[in-house]
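Source file: my_file-v3.cif. Holds: mmCIF, C-alpha atoms.
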```
data_final
#
loop_
_atom_site.label_atom_id
_atom_site.label_comp_id
_atom_site.auth_asym_id
_atom_site.auth_seq_id
_atom_site.Cartn_x
_atom_site.Cartn_y
_atom_site.Cartn_z
CA MET A 1 0.00 0.00 0.00
CA ASN A 2 1.09 3.60 -0.44
CA ILE A 3 2.63 5.36 2.55
CA SER A 4 1.16 8.76 3.39
CA PHE A 5 3.43 11.80 3.39
CA LYS A 6 3.11 12.00 7.20
CA SER A 7 4.09 8.33 7.57
CA ALA A 8 7.03 8.63 5.22
CA LEU A 9 8.26 11.76 6.96
CA PHE A 10 7.90 10.11 10.36
CA CYS A 11 9.89 7.05 9.24
CA SER A 12 12.53 9.27 7.69
CA LEU A 13 12.95 11.32 10.83
CA LEU A 14 13.31 8.19 12.93
CA GLY A 15 15.93 6.80 10.61
CA LEU A 16 17.94 10.02 10.41
CA SER A 17 17.86 10.73 14.12
CA GLY A 18 18.75 7.20 15.13
CA VAL A 19 15.81 6.99 17.55
CA SER A 20 15.41 3.49 18.97
CA LEU A 21 12.30 1.89 20.41
CA ALA A 22 12.21 1.89 24.21
CA ALA A 23 11.80 -1.30 26.19
CA GLY A 24 8.24 -1.97 27.26
CA TYR A 25 5.06 -3.65 26.14
CA THR A 26 5.38 -3.75 22.35
CA TYR A 27 2.52 -4.46 19.93
CA LYS A 28 2.32 -4.58 16.17
CA VAL A 29 -1.02 -3.79 14.47
CA PRO A 30 -2.29 -3.27 10.91
CA PHE A 31 -1.92 0.34 9.74
CA ASP A 32 -3.92 2.24 7.12
CA GLY A 33 -2.74 5.75 7.91
CA ASP A 34 -5.07 6.29 10.90
CA TYR A 35 -2.80 6.83 13.91
CA ASP A 36 -5.59 7.00 16.48
CA ALA A 37 -7.00 3.69 15.25
CA ALA A 38 -3.55 2.11 15.46
CA TYR A 39 -3.10 3.36 19.02
CA SER A 40 -6.51 1.95 19.98
CA LYS A 41 -5.82 -1.46 18.43
CA ALA A 42 -2.45 -1.72 20.16
CA PHE A 43 -3.95 -0.63 23.49
CA LYS A 44 -6.68 -3.26 23.26
CA LYS A 45 -4.11 -5.95 22.51
CA MET A 46 -2.00 -4.86 25.45
CA VAL A 47 -4.84 -4.77 28.00
CA THR A 48 -6.27 -8.11 26.87
CA GLU A 49 -2.89 -9.81 27.04
CA VAL A 50 -1.70 -8.27 30.31
CA SER A 51 -5.00 -8.98 32.09
CA SER A 52 -5.40 -12.45 30.52
CA GLY A 53 -8.81 -11.33 29.31
CA ALA A 54 -9.93 -10.08 32.72
CA THR A 55 -10.29 -6.43 31.72
CA ASP A 56 -12.38 -5.03 28.87
CA PRO A 57 -10.19 -2.41 27.15
CA ASP A 58 -13.28 -0.40 26.19
CA SER A 59 -14.15 0.03 29.88
CA LEU A 60 -10.95 2.00 30.58
CA ARG A 61 -10.90 5.78 30.36
CA VAL A 62 -7.25 6.60 29.81
CA ASN A 63 -5.28 8.87 27.50
CA ILE A 64 -3.69 6.22 25.30
CA PRO A 65 -1.00 8.45 23.68
CA SER A 66 0.25 9.36 27.17
CA LEU A 67 1.11 5.70 27.78
CA ILE A 68 3.22 5.36 24.64
CA ALA A 69 6.99 5.29 25.07
CA SER A 70 7.84 5.05 21.37
CA GLU A 71 6.32 4.11 18.03
CA ASP A 72 7.40 3.10 14.55
CA ILE A 73 6.06 2.09 11.12
CA SER A 74 7.06 -1.02 9.21
CA MET A 75 9.20 -0.54 6.11
CA ASP A 76 6.26 -1.15 3.76
CA GLY A 77 3.93 1.07 5.80
CA SER A 78 1.38 -1.68 6.38
CA GLU A 79 1.96 -2.11 10.11
CA TYR A 80 2.41 0.16 13.10
CA ILE A 81 4.50 -0.75 16.14
CA VAL A 82 3.52 0.80 19.46
CA VAL A 83 5.62 0.48 22.62
CA PHE A 84 3.77 1.22 25.86
CA ASP A 85 5.79 2.53 28.78
CA GLU A 86 6.35 -0.36 31.18
CA ALA A 87 6.19 1.72 34.35
CA LYS A 88 2.94 3.41 33.31
CA VAL A 89 1.29 0.07 32.48
CA LYS A 90 2.32 -1.36 35.84
CA ARG A 91 0.94 1.75 37.51
CA LEU A 92 -2.46 1.07 35.93
CA ILE A 93 -2.26 -2.47 37.28
CA SER A 94 -1.25 -1.45 40.79
CA LYS A 95 -4.10 1.10 40.87
CA GLY A 96 -6.54 -1.64 39.92
CA GLU A 97 -7.58 -0.05 36.63
CA ILE A 98 -6.28 -3.14 34.84
CA SER A 99 -7.22 -6.29 36.74
CA VAL A 100 -4.95 -9.28 36.21
CA TRP A 101 -6.20 -12.85 36.20
CA LYS A 102 -3.77 -15.63 37.15
CA GLY A 103 -6.23 -18.23 38.40
CA PHE A 104 -6.39 -19.65 41.92
CA SER A 105 -3.42 -21.03 43.82
CA GLN A 106 -5.75 -23.26 45.88
CA PRO A 107 -8.41 -25.66 44.54
CA LEU A 108 -11.94 -24.36 44.06
CA VAL A 109 -14.22 -26.63 46.12
CA ALA A 110 -17.38 -27.31 44.09
CA TRP A 111 -20.62 -27.89 45.97
CA VAL A 112 -22.99 -28.10 43.01
CA LEU A 113 -26.68 -28.99 43.06
CA LEU A 114 -28.88 -30.23 40.25
CA GLY A 115 -32.29 -28.61 40.50
CA LEU A 116 -35.24 -30.30 38.83
CA PRO A 117 -38.97 -29.57 38.96
CA GLU A 118 -41.15 -32.56 39.85
CA ASN A 119 -44.75 -33.27 40.79
CA ASP A 120 -45.67 -34.61 44.21
CA ASP A 121 -48.41 -37.15 44.95
CA LEU A 122 -51.04 -34.41 44.71
CA GLY A 123 -49.80 -33.32 41.31
CA GLU A 124 -48.33 -30.08 42.62
CA GLN A 125 -45.03 -29.05 41.13
CA LYS A 126 -42.11 -28.70 43.49
CA TYR A 127 -38.45 -28.03 43.04
CA LYS A 128 -36.11 -30.87 44.01
CA THR A 129 -32.39 -30.37 44.46
CA SER A 130 -29.62 -32.89 45.03
CA PHE A 131 -25.84 -32.73 45.08
CA ILE A 132 -23.99 -33.77 41.94
CA THR A 133 -21.66 -36.30 43.53
CA ASP A 134 -20.51 -38.20 40.46
CA THR A 135 -17.09 -36.82 39.50
CA GLU A 136 -17.70 -38.11 35.96
CA ASP A 137 -20.84 -36.01 35.61
CA GLN A 138 -20.79 -34.15 32.29
CA PHE A 139 -21.26 -30.71 33.83
CA LEU A 140 -18.47 -31.26 36.35
CA LYS A 141 -16.26 -32.41 33.48
CA GLU A 142 -17.02 -29.20 31.59
CA LEU A 143 -16.29 -27.11 34.70
CA ARG A 144 -13.04 -28.99 35.33
CA ASN A 145 -11.83 -28.70 31.73
CA ALA A 146 -12.67 -25.00 31.47
CA GLY A 147 -11.06 -24.46 34.87
CA THR A 148 -7.80 -26.03 33.72
CA LYS A 149 -7.68 -23.55 30.83
CA ASN A 150 -8.20 -20.67 33.26
CA GLY A 151 -5.76 -21.63 35.99
CA VAL A 152 -8.37 -23.08 38.36
CA SER A 153 -8.27 -26.60 39.77
CA LEU A 154 -11.81 -27.80 40.47
CA LEU A 155 -12.13 -30.10 43.47
CA VAL A 156 -15.31 -32.12 44.06
CA PRO A 157 -15.88 -33.14 47.70
CA VAL A 158 -15.93 -36.86 48.50
CA PHE A 159 -19.40 -36.42 50.05
CA ASP A 160 -18.71 -38.64 53.02
CA LEU A 161 -20.79 -38.50 56.20
CA ASP A 162 -18.81 -35.50 57.49
CA ASP A 163 -19.47 -33.56 54.29
CA MET A 164 -23.17 -34.32 54.23
CA THR A 165 -23.47 -33.35 57.89
CA ALA A 166 -21.52 -30.13 57.49
CA LEU A 167 -23.39 -28.79 54.44
CA SER A 168 -26.94 -29.50 53.27
CA THR A 169 -28.69 -28.69 50.02
CA SER A 170 -30.59 -25.98 51.88
CA ASP A 171 -27.30 -24.41 52.99
CA VAL A 172 -26.19 -24.23 49.37
CA MET A 173 -29.53 -22.79 48.24
CA LEU A 174 -29.27 -20.15 50.97
CA SER A 175 -25.57 -19.58 50.18
CA ASP A 176 -24.56 -20.02 53.81
CA ALA A 177 -20.96 -18.80 53.70
CA GLY A 178 -20.18 -19.90 57.24
CA LYS A 179 -21.25 -23.49 56.78
CA ALA A 180 -19.71 -23.66 53.33
CA SER A 181 -16.38 -22.51 54.72
CA SER A 182 -16.48 -25.03 57.58
CA ALA A 183 -17.28 -27.85 55.16
CA SER A 184 -14.63 -26.78 52.64
CA VAL A 185 -11.67 -25.98 54.87
CA LYS A 186 -10.43 -29.59 54.87
CA TYR A 187 -10.12 -29.40 51.08
CA SER A 188 -8.83 -25.87 50.45
CA SER A 189 -8.02 -22.56 52.09
CA GLY A 190 -9.04 -20.62 48.97
CA TYR A 191 -12.56 -20.49 47.61
CA ALA A 192 -15.73 -22.60 47.55
CA LEU A 193 -18.34 -22.69 44.80
CA LEU A 194 -22.00 -23.01 45.80
CA GLY A 195 -24.00 -23.56 42.63
CA VAL A 196 -27.37 -24.75 41.36
CA LEU A 197 -27.67 -26.08 37.81
CA SER A 198 -31.20 -26.03 36.40
CA PRO A 199 -32.49 -26.92 32.93
CA GLU A 200 -34.57 -24.18 31.34
CA ALA A 201 -37.55 -24.67 29.05
CA GLY A 202 -36.32 -25.36 25.54
CA GLY A 203 -33.00 -26.93 26.45
CA PRO A 204 -30.49 -24.40 27.82
CA TYR A 205 -29.27 -24.58 31.39
CA GLN A 206 -29.09 -21.87 34.02
CA PHE A 207 -26.32 -21.95 36.59
CA SER A 208 -26.75 -19.73 39.65
CA TYR A 209 -23.69 -19.57 41.83
CA HIS A 210 -22.04 -17.97 44.85
CA ILE A 211 -18.28 -17.85 45.49
CA VAL A 212 -17.20 -18.01 49.14
CA ASN A 213 -13.83 -16.99 50.56
CA ILE A 214 -13.12 -19.96 52.83
CA ALA A 215 -10.56 -18.19 55.04
CA GLN A 216 -12.77 -15.15 55.57
CA LYS A 217 -16.05 -17.12 55.69
CA SER A 218 -17.67 -14.53 53.45
CA GLU A 219 -19.30 -14.38 50.04
CA VAL A 220 -17.18 -12.75 47.35
CA LEU A 221 -19.28 -12.98 44.21
CA SER A 222 -22.70 -14.20 43.05
CA ASN A 223 -24.23 -14.34 39.59
CA SER A 224 -25.92 -16.64 37.10
CA VAL A 225 -25.03 -17.72 33.58
CA SER A 226 -26.95 -19.74 31.02
CA GLY A 227 -26.47 -21.80 27.88
CA SER A 228 -25.37 -25.32 27.05
CA LEU A 229 -23.26 -27.14 29.63
CA SER A 230 -20.05 -26.15 27.88
CA GLN A 231 -21.21 -22.54 27.43
CA VAL A 232 -22.16 -22.32 31.10
CA ALA A 233 -18.70 -23.52 32.13
CA VAL A 234 -16.92 -21.03 29.85
CA ARG A 235 -19.16 -18.14 30.93
CA PHE A 236 -18.72 -19.00 34.60
CA TYR A 237 -14.94 -18.64 34.41
CA GLN A 238 -15.25 -15.50 32.31
CA ASP A 239 -17.34 -14.08 35.16
CA LEU A 240 -14.51 -14.86 37.56
CA LYS A 241 -11.99 -13.21 35.25
CA ASN A 242 -14.21 -10.16 34.83
CA ASN A 243 -14.14 -9.80 38.61
CA ALA A 244 -10.45 -10.60 39.03
CA ALA A 245 -9.93 -7.72 41.45
CA LEU A 246 -12.19 -9.49 43.97
CA PHE A 247 -9.73 -12.38 44.09
CA SER A 248 -6.55 -10.35 44.47
CA LYS A 249 -4.04 -11.33 47.10
CA LYS A 250 -4.88 -8.32 49.24
CA ASN A 251 -8.49 -9.53 49.51
CA VAL A 252 -7.55 -13.06 50.62
CA ILE A 253 -6.74 -13.07 54.33
CA THR A 254 -5.57 -16.32 55.89
CA GLU A 255 -4.64 -17.04 59.50
CA ASP A 256 -0.96 -16.75 58.56
CA ASP A 257 -1.70 -13.36 57.03
CA ARG A 258 -3.30 -12.16 60.26
CA ASP A 259 -0.35 -13.37 62.33
CA SER A 260 2.22 -11.71 60.11
CA ARG A 261 0.35 -8.55 59.13
CA ASN A 262 2.25 -6.33 61.59
CA SER A 263 5.61 -7.52 60.30
CA ARG A 264 4.76 -7.38 56.58
CA ASP A 265 6.52 -4.87 54.36
CA ASN A 266 3.81 -2.76 52.72
CA SER A 267 6.14 -0.19 51.24
CA SER A 268 5.45 -1.18 47.63
CA ASP A 269 2.15 -0.80 45.79
CA ALA A 270 3.31 -3.66 43.56
CA ASP A 271 2.32 -6.19 46.22
CA GLY A 272 -1.32 -5.29 45.63
CA VAL A 273 -1.39 -6.27 41.96
CA PRO A 274 -4.24 -8.80 41.50
CA GLY A 275 -2.82 -12.26 40.95
CA TYR A 276 0.82 -11.26 41.49
CA SER A 277 3.05 -11.01 44.52
CA HIS A 278 5.33 -8.66 42.57
CA VAL A 279 4.68 -6.55 39.49
CA ASP A 280 8.08 -7.60 38.14
CA ALA A 281 6.48 -10.98 37.38
CA LEU A 282 4.64 -9.23 34.55
CA ALA A 283 7.22 -9.71 31.84
CA PRO A 284 6.51 -7.66 28.71
CA THR A 285 5.42 -9.82 25.82
CA GLY A 286 4.24 -9.30 22.28
CA PHE A 287 6.13 -8.41 19.11
CA TRP A 288 9.55 -6.94 19.72
CA CYS A 289 10.72 -4.84 16.79
CA ARG A 290 14.32 -4.16 15.87
CA ALA A 291 15.64 -0.70 16.63
CA ARG A 292 15.97 1.37 13.51
#
```
Target format structure tokens, applied to this file:
Amino acid sequence: MNISFKSALFCSLLGLSGVSLAAGYTYKVPFDGDYDAAYSKAFKKMVTEVSSGATDPDSLRVNIPSLIASEDISMDGSEYIVVFDEAKVKRLISKGEISVWKGFSQPLVAWVLLGLPENDDLGEQKYKTSFITDTEDQFLKELRNAGTKNGVSLLVPVFDLDDMTALSTSDVMLSDAGKASSASVKYSSGYALLGVLSPEAGGPYQFSYHIVNIAQKSEVLSNSVSGSLSQVAVRFYQDLKNNAALFSKKNVITEDDRDSRNSRDNSSDADGVPGYSHVDALAPTGFWCRAR
């Protein structure tokens, strides 16, 4: 394609001045002469990659050009290379504007009910719920497989006498965080899933769920998703990713955390980055272009 006069001049100036691209988050996007569009495309790629899909780039209100450390155009003018300033990107992360998803370090304990309407002896319709205890159940398989792709290990309780005594179907329906935590603590110190899977008229399923922080004995998130079993599983984990900030390290308080809180070094905002103990773990990725 033809290079605009502005593009050609820009490339020429870069070449003559010996300007090199700064280190940072580098992204290469198609270019048709529209600089603002190129900036937007590169920004969306950066946010999606850095957050692992947890943050919608369109939801952010930032001045994109102010984040750019350097930029360049490919030799044939068909692509634009944008380098975002590493420190500024990490600042957005530490401020929580970009939420980062890295999955759960502890297993997610799944207390899942199957809810089915049925008629009693008088012909009146009631709603019957029962735990899905078969680990080979198709829905649990879908949840487990989708979890693996999203950094979450799904753990299904053994449903022994202790489990059945500690948590009833009514407790799950009422999303009793205290009882759920007590029943789950022998399996994980992270999170518990209290969910009800119900078939809807016409075929799709609805999955209503609550996520409980086991250590804090409190509910973190509740929502419902619908679709086929595989769609429900995918949408469930997307919900978690969309709310990644709720699962950041600073929101997960364990007994060890309470004991060591007074001695912890809180001098760096980097420790509060969702999913990371240190911002330095966020290595820049993407297309690295050669300095001109």
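Picked out by the PyMOL selection byres ((chain A and resi 133) around 8) when it runs on this file: Phe131, Ile132, Asp134, Thr135, Asp137, Val156, Pro157, Val158 and Phe159 of chain A.
Note that CA of Ile68 (chain A) and CA of Tyr25 (chain A) are 9.3 Å apart.
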Report, as lines of an AutoDock Vina configuration file, the axis-aligned box around all atoms of region 140-151 of chain A present in the file, extended by 5 Å on each side; give centre and edge lengths in Å to one decimal place.
```
center_x = -12.1
center_y = -26.5
center_z = 33.6
size_x = 22.7
size_y = 21.7
size_z = 15.5
```
Test item: the PyMOL selection byres ((chain A and resi 187) around 8) resolved as an mmCIF file with C-alpha atoms, in the frame of the given file:
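Writing done, so here's expr_17.cif:
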```cif
data_model
loop_
_atom_site.group_PDB
_atom_site.id
_atom_site.type_symbol
_atom_site.label_atom_id
_atom_site.label_comp_id
_atom_site.auth_asym_id
_atom_site.auth_seq_id
_atom_site.Cartn_x
_atom_site.Cartn_y
_atom_site.Cartn_z
ATOM 1 C CA PRO A 107 -8.410 -25.660 44.540
ATOM 2 C CA VAL A 109 -14.220 -26.630 46.120
ATOM 3 C CA LEU A 155 -12.130 -30.100 43.470
ATOM 4 C CA PRO A 157 -15.880 -33.140 47.700
ATOM 5 C CA SER A 184 -14.630 -26.780 52.640
ATOM 6 C CA VAL A 185 -11.670 -25.980 54.870
ATOM 7 C CA LYS A 186 -10.430 -29.590 54.870
ATOM 8 C CA SER A 188 -8.830 -25.870 50.450
ATOM 9 C CA SER A 189 -8.020 -22.560 52.090
#
```
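The residues returned by the PyMOL selection byres ((chain A and resi 142) around 10) for this structure are A:Glu136, A:Asp137, A:Gln138, A:Phe139, A:Leu140, A:Lys141, A:Leu143, A:Arg144, A:Asn145, A:Ala146, A:Gly147, A:Thr148, A:Leu229, A:Ser230, A:Gln231, A:Val232, A:Ala233, A:Val234.
One distance worth recording is that between CA of Gly151 (chain A) and CA of Asn242 (chain A), which is 14.3 Å.
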Report as a Markdown table the residues of region 85-116 of chain A within 10 Å of region 161-175 of chain A, each with its shortest atom pair and distance in Å (one decimal), using only C-alpha atoms, ordered by chain and increasing residue number.
```
| residue | atom | partner | partner_atom | distance |
| --- | --- | --- | --- | --- |
| A:Trp111 | CA | A:Val172 | CA | 7.5 |
| A:Val112 | CA | A:Val172 | CA | 8.1 |
| A:Leu113 | CA | A:Thr169 | CA | 7.3 |
| A:Leu114 | CA | A:Thr169 | CA | 9.9 |
```
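The nearest approach to Ser78 (chain A) among the residues A:Pro30, A:Ser40, A:Leu92, A:Leu60, with only C-alpha atoms taken into account, belongs to A:Pro30.
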**All residues 6 Å or closer to Ser198 (chain A), all atoms listed in the file, same chain fewer than 5 positions away omitted, as a ChimeraX atom specification** = /A:115,205-206
Once you have the residues from the selection above, write them out as a PDB file, in the frame of the given file, restricted to C-alpha atoms.
```
ATOM      1  CA  GLY A 115     -32.290 -28.610  40.500  1.00  0.00           C
ATOM      2  CA  TYR A 205     -29.270 -24.580  31.390  1.00  0.00           C
ATOM      3  CA  GLN A 206     -29.090 -21.870  34.020  1.00  0.00           C
TER       4      GLN A 206
END
```
